[in-house]
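Below is input_27.pdb, holding PDB, C-alpha atoms, pLDDT in the B column.
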ATOM      1  CA  MET A   1       0.000   0.000   0.000  1.00 56.00           C
ATOM      2  CA  GLU A   2       2.751   2.452   0.960  1.00 66.00           C
ATOM      3  CA  ASN A   3       4.665   1.705  -2.240  1.00 78.00           C
ATOM      4  CA  HIS A   4       1.542   2.460  -4.304  1.00 89.00           C
ATOM      5  CA  ILE A   5       1.170   5.892  -2.681  1.00 90.00           C
ATOM      6  CA  GLU A   6       4.848   6.706  -3.227  1.00 91.00           C
ATOM      7  CA  GLU A   7       4.619   5.679  -6.880  1.00 93.00           C
ATOM      8  CA  ARG A   8       1.425   7.711  -7.416  1.00 95.00           C
ATOM      9  CA  ALA A   9       2.955  10.805  -5.821  1.00 94.00           C
ATOM     10  CA  CYS A  10       6.003  10.573  -8.090  1.00 94.00           C
ATOM     11  CA  GLN A  11       3.876   9.952 -11.191  1.00 95.00           C
ATOM     12  CA  LEU A  12       1.657  12.940 -10.346  1.00 95.00           C
ATOM     13  CA  ALA A  13       4.707  15.145  -9.939  1.00 95.00           C
ATOM     14  CA  VAL A  14       6.233  14.055 -13.245  1.00 95.00           C
ATOM     15  CA  TYR A  15       2.904  14.568 -15.049  1.00 96.00           C
ATOM     16  CA  MET A  16       2.457  18.061 -13.614  1.00 95.00           C
ATOM     17  CA  ILE A  17       6.045  19.085 -14.384  1.00 95.00           C
ATOM     18  CA  GLU A  18       5.996  17.787 -17.957  1.00 96.00           C
ATOM     19  CA  ASN A  19       2.562  19.200 -18.809  1.00 95.00           C
ATOM     20  CA  LYS A  20       2.516  22.283 -16.563  1.00 93.00           C
ATOM     21  CA  ALA A  21      -0.818  20.846 -15.454  1.00 93.00           C
ATOM     22  CA  THR A  22      -3.132  22.106 -12.760  1.00 91.00           C
ATOM     23  CA  VAL A  23      -4.099  20.068  -9.715  1.00 93.00           C
ATOM     24  CA  ARG A  24      -7.561  19.632 -11.213  1.00 92.00           C
ATOM     25  CA  ALA A  25      -6.168  18.316 -14.517  1.00 94.00           C
ATOM     26  CA  ALA A  26      -3.835  15.902 -12.720  1.00 96.00           C
ATOM     27  CA  ALA A  27      -6.673  14.651 -10.524  1.00 96.00           C
ATOM     28  CA  LYS A  28      -8.839  13.984 -13.563  1.00 96.00           C
ATOM     29  CA  LYS A  29      -6.008  12.213 -15.414  1.00 96.00           C
ATOM     30  CA  PHE A  30      -5.180   9.900 -12.470  1.00 95.00           C
ATOM     31  CA  GLY A  31      -8.768   9.374 -11.285  1.00 96.00           C
ATOM     32  CA  VAL A  32      -8.238  10.774  -7.781  1.00 96.00           C
ATOM     33  CA  SER A  33      -9.560  13.805  -5.945  1.00 96.00           C
ATOM     34  CA  LYS A  34      -7.929  17.234  -5.954  1.00 95.00           C
ATOM     35  CA  SER A  35      -7.351  16.820  -2.218  1.00 96.00           C
ATOM     36  CA  THR A  36      -5.431  13.602  -2.829  1.00 96.00           C
ATOM     37  CA  VAL A  37      -3.253  15.249  -5.474  1.00 96.00           C
ATOM     38  CA  HIS A  38      -2.511  18.177  -3.209  1.00 94.00           C
ATOM     39  CA  LYS A  39      -1.702  15.951  -0.230  1.00 95.00           C
ATOM     40  CA  ASP A  40       0.496  13.670  -2.331  1.00 95.00           C
ATOM     41  CA  LEU A  41       2.462  16.591  -3.736  1.00 94.00           C
ATOM     42  CA  SER A  42       2.742  18.859  -0.729  1.00 93.00           C
ATOM     43  CA  GLN A  43       3.032  16.386   2.163  1.00 94.00           C
ATOM     44  CA  ARG A  44       4.078  12.973   0.875  1.00 94.00           C
ATOM     45  CA  LEU A  45       6.371  13.790  -2.045  1.00 93.00           C
ATOM     46  CA  PRO A  46       9.019  15.640   0.024  1.00 93.00           C
ATOM     47  CA  GLN A  47       9.590  12.418   1.978  1.00 92.00           C
ATOM     48  CA  TYR A  48      10.147  10.385  -1.196  1.00 91.00           C
ATOM     49  CA  SER A  49      11.930  12.741  -3.600  1.00 91.00           C
ATOM     50  CA  LYS A  50      13.114  16.170  -2.535  1.00 93.00           C
ATOM     51  CA  SER A  51      14.307  17.131  -6.041  1.00 93.00           C
ATOM     52  CA  LEU A  52      10.969  16.209  -7.636  1.00 94.00           C
ATOM     53  CA  TYR A  53       9.175  18.145  -4.911  1.00 95.00           C
ATOM     54  CA  GLU A  54      11.211  21.293  -5.626  1.00 94.00           C
ATOM     55  CA  GLN A  55      10.321  21.098  -9.316  1.00 95.00           C
ATOM     56  CA  VAL A  56       6.604  20.512  -8.783  1.00 95.00           C
ATOM     57  CA  LYS A  57       6.506  23.275  -6.172  1.00 94.00           C
ATOM     58  CA  VAL A  58       7.414  25.775  -8.907  1.00 94.00           C
ATOM     59  CA  VAL A  59       4.504  24.548 -11.055  1.00 94.00           C
ATOM     60  CA  LEU A  60       2.093  24.735  -8.111  1.00 91.00           C
ATOM     61  CA  GLU A  61       3.173  28.278  -7.252  1.00 91.00           C
ATOM     62  CA  THR A  62       2.802  29.367 -10.889  1.00 91.00           C
ATOM     63  CA  ASN A  63      -0.686  27.866 -11.051  1.00 87.00           C
ATOM     64  CA  LYS A  64      -1.642  29.581  -7.806  1.00 87.00           C
ATOM     65  CA  ALA A  65      -0.461  32.929  -9.143  1.00 87.00           C
ATOM     66  CA  GLN A  66      -2.477  32.472 -12.345  1.00 82.00           C
ATOM     67  CA  ARG A  67      -5.690  31.008 -10.960  1.00 74.00           C
ATOM     68  CA  HIS A  68      -7.504  34.348 -10.715  1.00 77.00           C
ATOM     69  CA  ILE A  69      -6.868  34.870 -14.430  1.00 80.00           C
ATOM     70  CA  ARG A  70      -8.199  31.416 -15.361  1.00 79.00           C
ATOM     71  CA  GLY A  71     -11.245  32.004 -13.149  1.00 80.00           C
ATOM     72  CA  GLY A  72     -11.968  35.321 -14.836  1.00 84.00           C
ATOM     73  CA  MET A  73     -11.673  33.739 -18.261  1.00 82.00           C
ATOM     74  CA  ALA A  74     -14.059  30.944 -17.267  1.00 82.00           C
ATOM     75  CA  THR A  75     -16.600  33.470 -16.000  1.00 87.00           C
ATOM     76  CA  ARG A  76     -16.298  35.450 -19.213  1.00 85.00           C
ATOM     77  CA  ARG A  77     -16.900  32.314 -21.306  1.00 85.00           C
ATOM     78  CA  LYS A  78     -19.883  31.432 -19.142  1.00 87.00           C
ATOM     79  CA  TYR A  79     -21.654  34.740 -19.664  1.00 87.00           C
ATOM     80  CA  LYS A  80     -20.729  35.098 -23.338  1.00 86.00           C
ATOM     81  CA  GLY A  81     -22.217  31.666 -23.986  1.00 78.00           C
ATOM     82  CA  ASP A  82     -19.003  30.155 -25.322  1.00 68.00           C
ATOM     83  CA  ALA A  83     -18.332  26.504 -24.641  1.00 60.00           C
ATOM     84  CA  PRO A  84     -15.263  25.729 -22.463  1.00 59.00           C
TER
END
Please, can you express the file's structure as structure tokens?
Amino acid sequence: MENHIEERACQLAVYMIENKATVRAAAKKFGVSKSTVHKDLSQRLPQYSKSLYEQVKVVLETNKAQRHIRGGMATRRKYKGDAP
């Protein structure tokens, strides 16, 4: 069980780094919740791979800085009637 969690955390990190993906996109791709992705990356991954954690941390911080822009764009699409 522990090995499975370690492997998933590392796979999530690699996916997010390679694709510059959001937590939501990674959760959908791996079939887990956003909470699981966040916990795997922020709490579990540093125990398994410090270097991978440092790389994914940059992606997470970038996504956090841009989320208000993505939210505004989604709202704009919603009220203009455009499909996502």
Answer key for the PyMOL selection byres ((chain A and resi 11) around 12), residues as a ChimeraX atom specification: /A:4-10,12-18,26-27,29-30,37,40-41,45,48-49,52-53,56
Gap from CA of Glu61 (chain A) to CA of Lys80 (chain A) - Å, one decimal: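 It comes out at 29.6 Å.
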Spatial sel., origin (2.0, 23.3, -8.8), limit 8 Å, all atoms listed in the file, listed as a list in words: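 Residues found, by chain and rising number: Met16, Lys20, Ala21, Thr22, Val23, Val56, Lys57, Val58, Val59, Leu60, Glu61, Thr62, Asn63 and Lys64 of chain A.
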Atomic separation - CA of Arg67 (chain A) relative to CA of Glu54 (chain A), Å: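 One can read the CA of Glu54 (chain A) to CA of Arg67 (chain A) distance as 20.2 Å.
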Length of the CA of Ser35 (chain A) to CA of Tyr79 (chain A) vector [Å]: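 Separation between CA of Ser35 (chain A) and CA of Tyr79 (chain A): 28.8 Å.
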First collect every listed atom of region 68-81 of chain A; then fit an axis-aligned box around them, widen it by 6 Å on each side, and give centre and edge lengths in Å to one decimal, as JSON.
{"center_x": -14.5, "center_y": 33.2, "center_z": -17.4, "size_x": 27.3, "size_y": 16.5, "size_z": 25.3}
